[in-house]
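Here is structure-v1.cif, consisting of mmCIF, C-alpha atoms and all ligand atoms:
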data_target
loop_
_atom_site.label_atom_id
_atom_site.label_comp_id
_atom_site.auth_asym_id
_atom_site.auth_seq_id
_atom_site.Cartn_x
_atom_site.Cartn_y
_atom_site.Cartn_z
CA MET A 269 9.49 3.21 22.39
CA ASN A 270 12.38 5.24 21.05
CA THR A 271 12.29 8.44 23.07
CA MET A 272 14.11 10.29 20.30
CA VAL A 273 11.02 10.00 18.14
CA LYS A 274 8.69 12.97 18.55
CA GLY A 275 4.99 12.59 17.89
CA LEU A 276 1.91 10.81 19.06
CA THR A 277 2.87 7.42 20.42
CA TYR A 278 0.44 4.61 20.69
CA SER A 279 2.26 1.36 21.06
CA GLY A 280 4.54 0.97 24.04
CA GLN A 281 7.33 -1.34 23.00
CA GLY A 282 9.72 -2.11 20.21
CA GLU A 283 9.76 -1.26 16.55
CA THR A 284 6.23 -0.60 15.45
CA ALA A 285 4.98 0.52 12.06
CA TRP A 286 4.01 3.94 13.43
CA ASN A 287 7.46 4.34 15.00
CA ASN A 288 9.03 3.49 11.69
CA TYR A 289 6.92 6.16 9.99
CA LEU A 290 7.92 8.76 12.61
CA LYS A 291 11.58 7.98 12.00
CA GLN A 292 11.11 8.34 8.25
CA LEU A 293 9.47 11.70 8.87
CA ASP A 294 12.32 12.86 11.11
CA LYS A 295 14.72 12.33 8.21
CA VAL A 296 12.92 14.86 6.06
CA ALA A 297 12.94 17.77 8.54
CA PRO A 298 16.40 19.12 7.63
CA TYR A 299 15.32 19.55 4.00
CA LEU A 300 12.16 21.56 4.60
CA GLY A 301 13.47 24.98 5.62
CA GLU A 302 10.91 27.03 7.52
CA LEU A 303 8.17 24.54 6.65
CA SER A 304 9.80 22.07 9.06
CA GLU A 305 8.22 23.99 11.94
CA ARG A 306 4.89 22.68 10.71
CA LEU A 307 5.98 19.05 10.49
CA ASP A 308 4.40 18.30 13.89
CA MET A 309 1.04 18.20 12.13
CA LEU A 310 2.12 14.99 10.37
CA ARG A 311 3.36 13.41 13.61
CA ARG A 312 -0.18 12.54 14.73
CA PRO A 313 -3.35 11.46 12.97
CA LYS A 314 -6.13 14.01 12.61
CA ARG A 315 -8.87 11.58 13.58
CA SER A 316 -8.86 7.95 14.79
CA LEU A 317 -11.98 5.87 15.22
CA ILE A 318 -12.05 2.49 17.00
CA VAL A 319 -15.23 0.50 16.56
CA ASP A 320 -16.71 -2.69 17.95
CA ILE A 321 -18.20 -4.95 15.28
CA PRO A 322 -20.60 -7.58 16.62
CA VAL A 323 -21.25 -10.30 14.05
CA ILE A 324 -23.87 -13.06 14.17
CA MET A 325 -21.95 -16.13 13.12
CA ASP A 326 -23.50 -18.92 11.04
CA ASP A 327 -23.97 -21.07 14.17
CA GLY A 328 -26.04 -18.33 15.82
CA SER A 329 -23.35 -17.20 18.29
CA VAL A 330 -22.18 -13.57 18.38
CA LYS A 331 -18.50 -12.67 17.93
CA HIS A 332 -16.96 -9.23 18.45
CA PHE A 333 -14.26 -7.86 16.16
CA GLU A 334 -12.26 -4.65 16.57
CA GLY A 335 -12.17 -2.25 13.63
CA TYR A 336 -10.54 1.07 12.87
CA ARG A 337 -10.64 4.02 10.49
CA VAL A 338 -7.85 6.55 10.86
CA GLN A 339 -7.76 9.82 8.92
CA HIS A 340 -4.17 10.90 9.19
CA ASN A 341 -4.38 14.13 7.23
CA LEU A 342 -7.09 15.87 5.21
CA THR A 343 -5.29 19.08 4.28
CA ARG A 344 -5.22 18.49 0.51
CA GLY A 345 -8.56 16.73 0.08
CA PRO A 346 -10.72 13.86 1.29
CA GLY A 347 -9.04 10.95 3.05
CA LYS A 348 -8.00 8.07 0.79
CA GLY A 349 -6.78 4.62 1.66
CA GLY A 350 -7.59 0.97 1.89
CA VAL A 351 -9.27 -1.31 4.39
CA ARG A 352 -7.27 -4.26 5.70
CA PHE A 353 -8.76 -7.49 7.05
CA HIS A 354 -5.96 -9.33 8.84
CA PRO A 355 -5.47 -11.02 12.23
CA ASP A 356 -2.58 -8.65 13.14
CA VAL A 357 -4.41 -5.36 12.46
CA ASN A 358 -4.08 -2.89 15.35
CA LEU A 359 -4.35 0.86 15.87
CA ASP A 360 -0.59 1.45 15.60
CA GLU A 361 -0.47 -0.28 12.22
CA VAL A 362 -3.55 1.49 10.84
CA MET A 363 -2.10 4.84 11.97
CA ALA A 364 1.11 4.12 10.08
CA LEU A 365 -0.71 2.90 6.99
CA SER A 366 -2.88 6.04 7.01
CA ALA A 367 0.19 8.26 7.27
CA TRP A 368 1.86 6.47 4.36
CA MET A 369 -1.29 7.20 2.34
CA THR A 370 -0.93 10.91 3.17
CA ILE A 371 2.64 10.88 1.89
CA LYS A 372 1.78 8.70 -1.12
CA CYS A 373 -1.12 10.84 -2.34
CA ALA A 374 0.92 14.02 -1.94
CA ALA A 375 4.03 12.52 -3.58
CA LEU A 376 1.89 11.59 -6.60
CA ASN A 377 0.15 14.97 -6.38
CA LEU A 378 -3.29 13.37 -6.13
CA PRO A 379 -5.88 15.68 -4.50
CA PHE A 380 -6.35 13.51 -1.41
CA GLY A 381 -5.32 13.28 2.19
CA GLY A 382 -4.39 9.97 3.79
CA ALA A 383 -6.58 7.48 5.64
CA LYS A 384 -6.72 3.76 6.33
CA GLY A 385 -9.03 1.27 7.93
CA GLY A 386 -8.88 -2.26 9.17
CA VAL A 387 -10.52 -5.05 11.08
CA ARG A 388 -8.62 -7.54 13.23
CA VAL A 389 -9.95 -10.72 11.64
CA ASP A 390 -8.71 -13.67 9.63
CA PRO A 391 -11.04 -13.44 6.62
CA THR A 392 -10.15 -16.99 5.56
CA GLU A 393 -11.80 -18.32 8.73
CA LEU A 394 -15.17 -16.66 8.03
CA SER A 395 -17.86 -17.95 5.70
CA PRO A 396 -18.88 -15.62 2.84
CA ARG A 397 -22.10 -14.71 4.73
CA GLU A 398 -20.17 -13.94 7.94
CA LEU A 399 -17.69 -11.85 5.97
CA GLU A 400 -20.53 -9.91 4.38
CA ARG A 401 -22.16 -9.25 7.78
CA LEU A 402 -18.81 -8.13 9.22
CA THR A 403 -18.15 -5.80 6.27
CA ARG A 404 -21.62 -4.25 6.40
CA ARG A 405 -21.52 -3.66 10.15
CA TYR A 406 -17.99 -2.21 9.93
CA THR A 407 -19.17 0.16 7.18
CA THR A 408 -22.13 1.24 9.29
CA GLU A 409 -19.85 1.90 12.28
CA ILE A 410 -17.54 4.15 10.24
CA ASN A 411 -20.40 5.56 8.17
CA LEU A 412 -20.27 8.98 9.83
CA ILE A 413 -16.74 9.78 8.78
CA ILE A 414 -16.63 8.32 5.23
CA GLY A 415 -18.19 9.65 2.02
CA PRO A 416 -17.14 10.73 -1.49
CA GLN A 417 -16.11 14.16 -0.21
CA LYS A 418 -14.85 13.01 3.20
CA ASP A 419 -12.91 9.77 3.06
CA ILE A 420 -12.91 7.09 0.36
CA PRO A 421 -11.93 3.53 1.34
CA ALA A 422 -10.48 0.96 -1.09
CA PRO A 423 -9.14 -2.61 -1.00
CA ASP A 424 -5.97 -3.58 0.83
CA VAL A 425 -4.63 -6.85 2.27
CA GLY A 426 -7.54 -9.29 2.83
CA THR A 427 -10.20 -7.24 1.01
CA ASN A 428 -11.24 -7.18 -2.65
CA PRO A 429 -13.82 -5.80 -5.12
CA GLN A 430 -16.59 -7.85 -3.46
CA THR A 431 -15.78 -6.23 -0.09
CA MET A 432 -16.02 -2.82 -1.77
CA ALA A 433 -19.38 -3.74 -3.35
CA TRP A 434 -20.77 -4.55 0.12
CA MET A 435 -19.35 -1.32 1.53
CA MET A 436 -20.82 0.73 -1.32
CA ASP A 437 -24.20 -0.96 -0.95
CA THR A 438 -24.30 -0.49 2.83
CA PHE A 439 -23.36 3.19 2.59
CA SER A 440 -25.96 3.66 -0.18
CA MET A 441 -28.71 1.92 1.83
CA ASN A 442 -28.02 4.26 4.76
CA ALA A 443 -27.94 7.30 2.44
CA GLY A 444 -31.11 6.34 0.59
CA SER A 445 -29.45 6.65 -2.81
CA THR A 446 -26.71 4.91 -4.77
CA VAL A 447 -23.38 6.52 -3.91
CA THR A 448 -20.74 4.90 -6.10
CA GLY A 449 -17.99 7.40 -5.22
CA VAL A 450 -17.79 6.37 -1.55
CA VAL A 451 -15.28 3.56 -2.21
CA THR A 452 -12.91 2.63 -5.02
CA GLY A 453 -11.76 -0.77 -6.21
CA LYS A 454 -15.37 -1.79 -6.85
CA PRO A 455 -16.40 -4.38 -9.47
CA VAL A 456 -16.46 -2.75 -12.91
CA HIS A 457 -20.25 -2.93 -13.43
CA LEU A 458 -20.84 -1.12 -10.10
CA GLY A 459 -18.85 1.98 -10.99
CA GLY A 460 -15.45 0.35 -10.68
CA SER A 461 -12.65 1.36 -13.01
CA LEU A 462 -11.10 -0.77 -15.70
CA GLY A 463 -7.50 -1.53 -14.85
CA ARG A 464 -7.90 -1.05 -11.07
CA VAL A 465 -7.23 -4.66 -10.07
CA LYS A 466 -3.93 -4.78 -11.95
CA ALA A 467 -2.96 -1.18 -11.21
CA THR A 468 -0.76 -1.63 -8.13
CA GLY A 469 1.31 -4.40 -9.72
CA ARG A 470 1.57 -2.40 -12.93
CA GLY A 471 2.81 0.57 -10.96
CA VAL A 472 5.47 -1.57 -9.28
CA TYR A 473 6.66 -2.65 -12.72
CA ILE A 474 6.62 0.88 -14.17
CA SER A 475 8.51 2.43 -11.26
CA GLY A 476 10.97 -0.48 -11.29
CA ARG A 477 11.54 -0.12 -15.03
CA GLU A 478 12.11 3.64 -14.73
CA VAL A 479 14.56 3.36 -11.85
CA ALA A 480 16.35 0.40 -13.45
CA GLN A 481 17.06 2.65 -16.41
CA GLN A 482 18.53 5.33 -14.11
CA ILE A 483 20.87 2.90 -12.36
CA GLY A 484 21.81 1.06 -15.56
CA LEU A 485 20.19 -2.23 -14.61
CA ASP A 486 19.19 -4.31 -17.62
CA LEU A 487 15.79 -5.92 -17.02
CA ALA A 488 16.38 -8.52 -19.73
CA GLY A 489 17.30 -11.67 -17.83
CA ALA A 490 17.30 -9.86 -14.47
CA ARG A 491 16.54 -12.31 -11.64
CA ILE A 492 13.57 -11.41 -9.47
CA CYS A 493 12.37 -12.59 -6.04
CA VAL A 494 8.82 -11.77 -4.98
CA GLN A 495 7.43 -11.96 -1.46
CA GLY A 496 3.64 -12.05 -1.44
CA PHE A 497 1.69 -13.45 -4.36
CA GLY A 498 -1.57 -11.58 -3.96
CA ASN A 499 -2.89 -8.92 -6.24
CA VAL A 500 0.30 -6.83 -6.13
CA GLY A 501 3.12 -9.40 -6.16
CA SER A 502 1.61 -11.67 -8.81
CA GLU A 503 0.75 -8.88 -11.24
CA ALA A 504 4.18 -7.25 -10.88
CA ALA A 505 5.91 -10.63 -11.33
CA LEU A 506 3.91 -11.30 -14.49
CA LEU A 507 4.80 -7.96 -16.04
CA PHE A 508 8.50 -8.36 -15.30
CA GLN A 509 8.41 -11.85 -16.82
CA GLU A 510 6.53 -10.65 -19.91
CA ASN A 511 9.22 -8.02 -20.34
CA GLY A 512 12.13 -10.44 -20.27
CA SER A 513 13.06 -10.75 -16.59
CA LYS A 514 13.25 -14.09 -14.77
CA VAL A 515 11.14 -14.64 -11.65
CA ILE A 516 13.29 -17.15 -9.78
CA CYS A 517 11.65 -17.11 -6.35
CA VAL A 518 8.13 -16.55 -5.04
CA GLN A 519 7.11 -16.67 -1.39
CA ASP A 520 3.66 -16.49 0.13
CA HIS A 521 2.21 -17.44 3.55
CA SER A 522 2.22 -21.12 2.57
CA ALA A 523 5.53 -21.79 0.83
CA THR A 524 8.68 -20.49 -0.87
CA LEU A 525 9.32 -21.66 -4.42
CA TYR A 526 12.73 -21.40 -6.08
CA GLN A 527 13.46 -22.25 -9.68
CA GLU A 528 16.75 -21.15 -11.22
CA GLN A 529 15.43 -21.17 -14.81
CA GLY A 530 12.43 -19.05 -13.84
CA ILE A 531 8.95 -19.86 -12.56
CA ASP A 532 6.01 -19.83 -14.97
CA VAL A 533 4.19 -16.90 -13.34
CA LYS A 534 1.00 -17.26 -15.32
CA LYS A 535 0.60 -20.91 -14.34
CA LEU A 536 1.42 -20.11 -10.73
CA MET A 537 -1.22 -17.37 -10.75
CA GLN A 538 -3.83 -19.84 -11.99
CA TYR A 539 -2.80 -22.35 -9.34
CA SER A 540 -2.79 -19.81 -6.54
CA LYS A 541 -6.21 -18.47 -7.53
CA ALA A 542 -7.66 -21.97 -7.46
CA HIS A 543 -6.02 -23.05 -4.18
CA GLY A 544 -5.64 -19.77 -2.26
CA LYS A 545 -1.90 -20.46 -1.87
CA ILE A 546 1.19 -21.44 -3.86
CA LYS A 547 2.01 -24.53 -1.80
CA GLY A 548 1.71 -27.68 -3.87
CA PHE A 549 2.39 -26.00 -7.23
CA ALA A 550 5.84 -27.59 -7.56
CA GLU A 551 6.79 -29.48 -4.39
CA GLN A 552 10.30 -30.29 -5.67
CA ASP A 553 11.06 -26.55 -5.87
CA GLU A 554 10.04 -25.67 -2.32
CA ILE A 555 12.79 -24.25 -0.15
CA HIS A 556 12.87 -23.16 3.50
CA THR A 557 11.09 -19.85 4.21
CA ALA A 558 14.13 -18.37 5.94
CA ASN A 559 16.24 -18.79 2.79
CA PHE A 560 14.22 -16.26 0.82
CA TRP A 561 16.39 -13.22 1.65
CA GLN A 562 19.60 -15.22 1.03
CA ILE A 563 18.94 -15.73 -2.66
CA GLN A 564 21.04 -13.74 -5.11
CA ALA A 565 18.87 -11.70 -7.46
CA GLU A 566 19.00 -8.32 -9.18
CA ILE A 567 15.57 -7.31 -7.85
CA PHE A 568 13.60 -8.11 -4.68
CA ILE A 569 9.92 -7.21 -4.49
CA PRO A 570 8.51 -7.34 -0.97
CA ALA A 571 4.76 -7.29 -1.69
CA ALA A 572 3.24 -8.62 1.51
CA LEU A 573 3.37 -6.93 4.92
CA GLU A 574 5.41 -4.26 6.68
CA GLY A 575 8.65 -4.58 8.65
CA VAL A 576 10.15 -7.57 6.79
CA ILE A 577 13.47 -5.94 5.87
CA ASP A 578 15.27 -5.35 9.16
CA ALA A 579 18.94 -4.55 9.79
CA ALA A 580 20.00 -8.20 9.53
CA VAL A 581 18.30 -8.68 6.15
CA ALA A 582 19.73 -5.38 4.92
CA GLN A 583 23.26 -6.50 5.87
CA SER A 584 23.07 -9.78 4.02
CA ILE A 585 20.76 -9.26 1.05
CA GLN A 586 22.50 -9.70 -2.32
CA THR A 587 20.66 -7.49 -4.75
CA LYS A 588 20.74 -4.24 -6.71
CA MET A 589 17.21 -2.96 -6.27
CA ILE A 590 14.29 -3.35 -3.87
CA LEU A 591 10.82 -2.50 -5.13
CA GLU A 592 8.44 -1.89 -2.23
CA GLY A 593 5.14 -3.33 -3.41
CA ALA A 594 4.05 -3.61 0.23
CA ASN A 595 3.54 -0.63 2.50
CA GLY A 596 6.34 -0.12 5.01
CA PRO A 597 8.41 -3.27 4.36
CA THR A 598 11.75 -1.64 5.25
CA LEU A 599 12.70 -0.50 8.75
CA THR A 600 14.60 2.78 9.02
CA GLU A 601 17.77 1.09 10.34
CA ALA A 602 17.68 -1.20 7.33
CA ASP A 603 17.20 1.76 5.00
CA GLU A 604 20.46 3.25 6.22
CA ILE A 605 22.38 0.01 5.73
CA LEU A 606 20.94 -0.47 2.24
CA ALA A 607 21.95 3.08 1.32
CA GLU A 608 25.51 2.46 2.51
CA ARG A 609 25.61 -0.75 0.48
CA GLN A 610 24.35 1.21 -2.54
CA ILE A 611 21.26 -0.92 -2.94
CA THR A 612 18.52 1.18 -4.51
CA VAL A 613 15.19 1.15 -2.67
CA VAL A 614 12.17 2.34 -4.63
CA PRO A 615 9.96 3.40 -1.72
CA ASP A 616 6.39 2.20 -1.19
CA VAL A 617 4.95 5.71 -1.42
CA ILE A 618 6.01 5.78 -5.09
CA CYS A 619 6.42 2.11 -6.00
CA ASN A 620 2.94 0.88 -5.02
CA ALA A 621 1.11 4.13 -5.84
CA GLY A 622 -0.35 2.75 -9.10
CA GLY A 623 -3.29 1.41 -7.07
CA VAL A 624 -4.32 4.68 -5.50
CA THR A 625 -3.69 6.48 -8.79
CA VAL A 626 -6.29 4.34 -10.56
CA SER A 627 -8.50 4.68 -7.45
CA TYR A 628 -8.31 8.41 -8.09
CA PHE A 629 -9.39 7.82 -11.70
CA GLU A 630 -12.26 5.63 -10.45
CA TRP A 631 -13.45 8.36 -8.08
CA VAL A 632 -13.27 10.97 -10.85
CA GLN A 633 -15.19 8.68 -13.23
CA ASP A 634 -17.86 7.98 -10.58
CA LEU A 635 -18.32 11.68 -9.81
CA ALA A 636 -18.59 12.48 -13.52
CA SER A 637 -20.61 9.31 -14.33
CA TYR A 638 -18.45 9.01 -17.42
CA PHE A 639 -16.10 6.07 -17.89
CA TRP A 640 -12.78 5.77 -19.68
CA THR A 641 -11.28 2.90 -21.66
CA GLU A 642 -8.63 0.69 -20.12
CA GLU A 643 -6.14 2.07 -22.60
CA GLU A 644 -6.82 5.64 -21.46
CA ILE A 645 -6.49 4.59 -17.85
CA ASN A 646 -3.21 2.78 -18.38
CA GLN A 647 -1.78 5.65 -20.42
CA ARG A 648 -2.69 8.23 -17.77
CA MET A 649 -1.33 6.04 -15.00
CA ASP A 650 1.93 5.46 -16.89
CA ALA A 651 2.34 9.21 -17.31
CA ILE A 652 1.67 10.00 -13.63
CA MET A 653 3.96 7.22 -12.37
CA LYS A 654 6.75 8.15 -14.78
CA ASN A 655 6.59 11.81 -13.75
CA ALA A 656 6.56 10.94 -10.08
CA VAL A 657 9.61 8.69 -10.44
CA SER A 658 11.48 11.31 -12.42
CA ASP A 659 10.63 14.10 -9.91
CA VAL A 660 11.74 11.92 -7.02
CA TRP A 661 14.92 10.87 -8.82
CA LEU A 662 15.80 14.49 -9.53
CA LYS A 663 15.07 15.59 -5.96
CA ALA A 664 17.23 12.76 -4.59
CA SER A 665 20.13 13.74 -6.86
CA VAL A 666 19.90 17.43 -5.93
CA ALA A 667 19.38 16.88 -2.19
CA GLN A 668 21.80 13.93 -2.10
CA CYS A 669 19.35 11.75 -0.22
CA SER A 670 17.56 8.43 -0.62
CA LEU A 671 14.57 8.07 -2.94
CA ARG A 672 12.36 7.65 0.14
CA THR A 673 13.50 10.91 1.70
CA ALA A 674 13.17 12.63 -1.67
CA ALA A 675 9.55 11.43 -1.99
CA TYR A 676 8.89 12.64 1.57
CA ILE A 677 10.41 16.05 0.76
CA LEU A 678 8.13 16.50 -2.26
CA ALA A 679 5.07 15.27 -0.35
CA CYS A 680 5.72 17.27 2.84
CA GLU A 681 6.37 20.45 0.87
CA ARG A 682 2.98 20.10 -0.84
CA ILE A 683 1.07 19.27 2.35
CA LEU A 684 2.73 21.84 4.60
CA MET A 685 2.48 24.60 2.00
CA ALA A 686 -1.24 23.84 1.64
CA ARG A 687 -1.60 23.98 5.42
CA LYS A 688 0.29 27.25 5.57
CA GLU A 689 -2.02 28.75 2.94
CA ARG A 690 -5.16 27.43 4.63
CA GLY A 691 -4.06 28.60 8.08
CA ILE A 692 -5.13 27.08 11.37
CA TYR A 693 -8.77 27.32 12.36
CA PRO A 694 -9.75 29.32 14.38
CA GLY A 695 -7.03 31.82 13.61
N1 LIG B 1 -4.53 -0.07 -0.32
C1 LIG B 1 -3.86 0.54 -1.42
C2 LIG B 1 -2.63 1.30 -0.95
O1 LIG B 1 -2.07 0.98 0.08
C3 LIG B 1 -4.79 1.38 -2.28
C4 LIG B 1 -5.45 2.53 -1.60
C5 LIG B 1 -6.50 3.20 -2.47
O2 LIG B 1 -6.68 2.82 -3.60
O3 LIG B 1 -7.14 4.13 -1.96
O4 LIG B 1 -2.14 2.17 -1.62
#

Can you dump the structure from the file as structure tokens?
Ligand code: GLU
Amino acid sequence: MNTMVKGLTYSGQGETAWNNYLKQLDKVAPYLGELSERLDMLRRPKRSLIVDIPVIMDDGSVKHFEGYRVQHNLTRGPGKGGVRFHPDVNLDEVMALSAWMTIKCAALNLPFGGAKGGVRVDPTELSPRELERLTRRYTTEINLIIGPQKDIPAPDVGTNPQTMAWMMDTFSMNAGSTVTGVVTGKPVHLGGSLGRVKATGRGVYISGREVAQQIGLDLAGARICVQGFGNVGSEAALLFQENGSKVICVQDHSATLYQEQGIDVKKLMQYSKAHGKIKGFAEQDEIHTANFWQIQAEIFIPAALEGVIDAAVAQSIQTKMILEGANGPTLTEADEILAERQITVVPDVICNAGGVTVSYFEWVQDLASYFWTEEEINQRMDAIMKNAVSDVWLKASVAQCSLRTAAYILACERILMARKERGIYPG
């Protein structure tokens, strides 16, 4: 643990996601004036729940899984953030992910605080029935602290609209009435929003396009490398390709594909949907995993997990722009090196915020029981993302800081000002 980092510490050793968040937060303090005295509030989560999830497996045995829901900050509204099913989920990671949601929602000026949940499980190893039982029991365990006015979960790595349907149904069964607004990212006929599934990838494209314009990077023919080919990476890759860029490399958990002339993203999406992985799509194009960061390309899109861009990657990467589709892919040390090398990083809290923006629309539509067209949704999301990018760009130019720090300045000002106005209870 870096003793220079002030704040609640959970994990003992090394570079953890929470540590990385604390370091990002430290960078913003000098820009906040008197509000910086209040920054301590963001150095610890408001509420962290650890739950045991016993699941009856298909063979009749009982397995226990560990689950979490962390509400990092609720100053500006109910908690908002996804639920992750992944074998590496732990409290430190969920804390960090919840904090990034706090910053993200405030940076986009959405009326939410930040939260996140997760279960340490490999969902690919469970049968659909086991997965449903796990999801329903997890929802019941966190039932007390979630709700449309309290904390609204959504999909993240390893979860999807079906997971959200089970969560909504479980919450509704316990409440005795149908409560659609308790989760977002639901299937469309259960109160889900049009455009939600594609929203995060769309947001990555929009923020990338806007920043490319600022730095004079021509997207026509620009070479793109994508890490992670799930909902976010694949959708972003497709949009860049449709708009004239060339996706030359795609990596997922199973393989790394490289094709100088450009990969057919649509075909790869079909293949990956059918097989659950990209391996086998074009065996002759497979390269070694470790070579991914060595490829020369105008744009890299990390769209998988956190912590993948460390100092060594930052030293060697040959690119102009990094679009953070994933949450927390860049370590703070790497951020500094990238800044020195004048590589533009569009930070996660802006870049992947298209998802939570359409989640916000879904929540609003559920509460109003009135639904918008996909066109309306896309238009509103475009406008919000464009404004956020332009505000952050302006702040970074004025404060002479990175886009990440600029996004943190805008977010922290909004949260800490709200806290100042609310006061501390009891006074
Ligand atoms: N899991 C997504 C994120 O990290 C979406 C969260 C949401 O829609 O609430 O932003």

Within 10 Å of ligand LIG 1 (chain B), which residues show up when you count all atoms listed in the file? List them as a VMD selection string, please. chain A and resid 347 to 352 365 to 366 368 to 369 372 to 373 380 382 to 385 419 to 425 427 451 to 453 464 to 465 467 to 468 500 593 to 596 616 to 631

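Compared by their closest atoms to A:Gly460, and using all atoms listed in the file, the residues A:Val494, A:Val632, A:Ile410, A:Leu684 rank with A:Val632 nearest.
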
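Take atom CA of A:Ala602 and atom CA of A:His521: the distance between them is 22.7 Å.
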
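Every protein, DNA or RNA residue with an atom at most 6 Å from A:Gln519, where all atoms listed in the file count and chain neighbours fewer than 2 positions away do not, is listed here: A:Gln495, A:Gly496, A:Ala523, A:Thr524.
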
Extract, using only C-alpha atoms, all DNA, RNA and protein residues at most 12 Å from A:Val456, discarding same-chain residues fewer than 3 positions from it, and format them as a list of chain:residue names. A:Pro429, A:Gln430, A:Met432, A:Ala433, A:Thr448, A:Thr452, A:Gly453, A:Gly459, A:Gly460, A:Ser461, A:Leu462, A:Gly463, A:Arg464, A:Val465, A:Glu630, A:Gln633, A:Asp634, A:Phe639, A:Trp640, A:Thr641, A:Glu642

Could you produce a table of the residues of stretch 398-513 of chain A lying within 10 Å of stretch 557-568 of chain A, with the nearest pair of atoms per residue and their separation in Å rounded to one decimal, using all atoms listed in the file, ordered by chain and increasing residue number, as JSON lines?
{"residue": "A:Gly476", "atom": "CA", "partner": "A:Ile567", "partner_atom": "CA", "distance": 8.9}
{"residue": "A:Ala480", "atom": "CA", "partner": "A:Ile567", "partner_atom": "CA", "distance": 9.6}
{"residue": "A:Leu485", "atom": "CA", "partner": "A:Glu566", "partner_atom": "CA", "distance": 8.2}
{"residue": "A:Asp486", "atom": "CA", "partner": "A:Glu566", "partner_atom": "CA", "distance": 9.3}
{"residue": "A:Leu487", "atom": "CA", "partner": "A:Glu566", "partner_atom": "CA", "distance": 8.8}
{"residue": "A:Gly489", "atom": "CA", "partner": "A:Glu566", "partner_atom": "CA", "distance": 9.4}
{"residue": "A:Ala490", "atom": "CA", "partner": "A:Glu566", "partner_atom": "CA", "distance": 5.8}
{"residue": "A:Arg491", "atom": "CA", "partner": "A:Ala565", "partner_atom": "CA", "distance": 4.8}
{"residue": "A:Ile492", "atom": "CA", "partner": "A:Ile567", "partner_atom": "CA", "distance": 4.8}
{"residue": "A:Cys493", "atom": "CA", "partner": "A:Phe568", "partner_atom": "CA", "distance": 4.8}
{"residue": "A:Val494", "atom": "CA", "partner": "A:Phe568", "partner_atom": "CA", "distance": 6.0}
{"residue": "A:Gln495", "atom": "CA", "partner": "A:Phe568", "partner_atom": "CA", "distance": 8.0}
{"residue": "A:Ser513", "atom": "CA", "partner": "A:Ile567", "partner_atom": "CA", "distance": 9.7}

Do a neighbour search on A:Lys654 at 12 Å with all atoms listed in the file, toss out local chain neighbours closer than 6 positions, and write the hits as a PDB file with C-alpha atoms, in the frame of the given file.
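Everything below was put into around.pdb:
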ATOM      1  CA  LEU A 376       1.890  11.590  -6.600  1.00  0.00           C
ATOM      2  CA  ARG A 470       1.570  -2.400 -12.930  1.00  0.00           C
ATOM      3  CA  GLY A 471       2.810   0.570 -10.960  1.00  0.00           C
ATOM      4  CA  VAL A 472       5.470  -1.570  -9.280  1.00  0.00           C
ATOM      5  CA  TYR A 473       6.660  -2.650 -12.720  1.00  0.00           C
ATOM      6  CA  ILE A 474       6.620   0.880 -14.170  1.00  0.00           C
ATOM      7  CA  SER A 475       8.510   2.430 -11.260  1.00  0.00           C
ATOM      8  CA  GLY A 476      10.970  -0.480 -11.290  1.00  0.00           C
ATOM      9  CA  ARG A 477      11.540  -0.120 -15.030  1.00  0.00           C
ATOM     10  CA  GLU A 478      12.110   3.640 -14.730  1.00  0.00           C
ATOM     11  CA  VAL A 479      14.560   3.360 -11.850  1.00  0.00           C
ATOM     12  CA  GLN A 481      17.060   2.650 -16.410  1.00  0.00           C
ATOM     13  CA  ILE A 618       6.010   5.780  -5.090  1.00  0.00           C
ATOM     14  CA  CYS A 619       6.420   2.110  -6.000  1.00  0.00           C
ATOM     15  CA  ALA A 621       1.110   4.130  -5.840  1.00  0.00           C
ATOM     16  CA  GLY A 622      -0.350   2.750  -9.100  1.00  0.00           C
ATOM     17  CA  ASN A 646      -3.210   2.780 -18.380  1.00  0.00           C
ATOM     18  CA  GLN A 647      -1.780   5.650 -20.420  1.00  0.00           C
ATOM     19  CA  ARG A 648      -2.690   8.230 -17.770  1.00  0.00           C
ATOM     20  CA  VAL A 660      11.740  11.920  -7.020  1.00  0.00           C
ATOM     21  CA  TRP A 661      14.920  10.870  -8.820  1.00  0.00           C
TER      22      TRP A 661
END

Within 9 Å of (9.3, 8.5, 12.1), all atoms listed in the file: residues as a PyMOL selection string? chain A and resi 273-275+286-295+311+600

If you keep C-alpha atoms, can you produce a file of those selected residues as a short mmCIF file (atom, residue, chain, number, x, y, z; two decimals), keeping the file's coordinate frame?
data_model
loop_
_atom_site.label_atom_id
_atom_site.label_comp_id
_atom_site.auth_asym_id
_atom_site.auth_seq_id
_atom_site.Cartn_x
_atom_site.Cartn_y
_atom_site.Cartn_z
CA VAL A 273 11.02 10.00 18.14
CA LYS A 274 8.69 12.97 18.55
CA GLY A 275 4.99 12.59 17.89
CA TRP A 286 4.01 3.94 13.43
CA ASN A 287 7.46 4.34 15.00
CA ASN A 288 9.03 3.49 11.69
CA TYR A 289 6.92 6.16 9.99
CA LEU A 290 7.92 8.76 12.61
CA LYS A 291 11.58 7.98 12.00
CA GLN A 292 11.11 8.34 8.25
CA LEU A 293 9.47 11.70 8.87
CA ASP A 294 12.32 12.86 11.11
CA LYS A 295 14.72 12.33 8.21
CA ARG A 311 3.36 13.41 13.61
CA THR A 600 14.60 2.78 9.02
#

Residue with smallest distance to A:Ala674 - pool A:Pro298, A:Gly449, A:Pro322, A:Gly484, counting only C-alpha atoms: A:Pro298

Would you kindly return, as a VMD selection string, each protein, DNA or RNA residue with an atom no farther than 10 Å from any atom of A:Pro313, considering all atoms listed in the file and excluding same-chain residues fewer than 2 positions away? chain A and resid 275 to 276 309 to 311 315 to 316 338 to 342 363 to 364 366 to 367 382 to 383
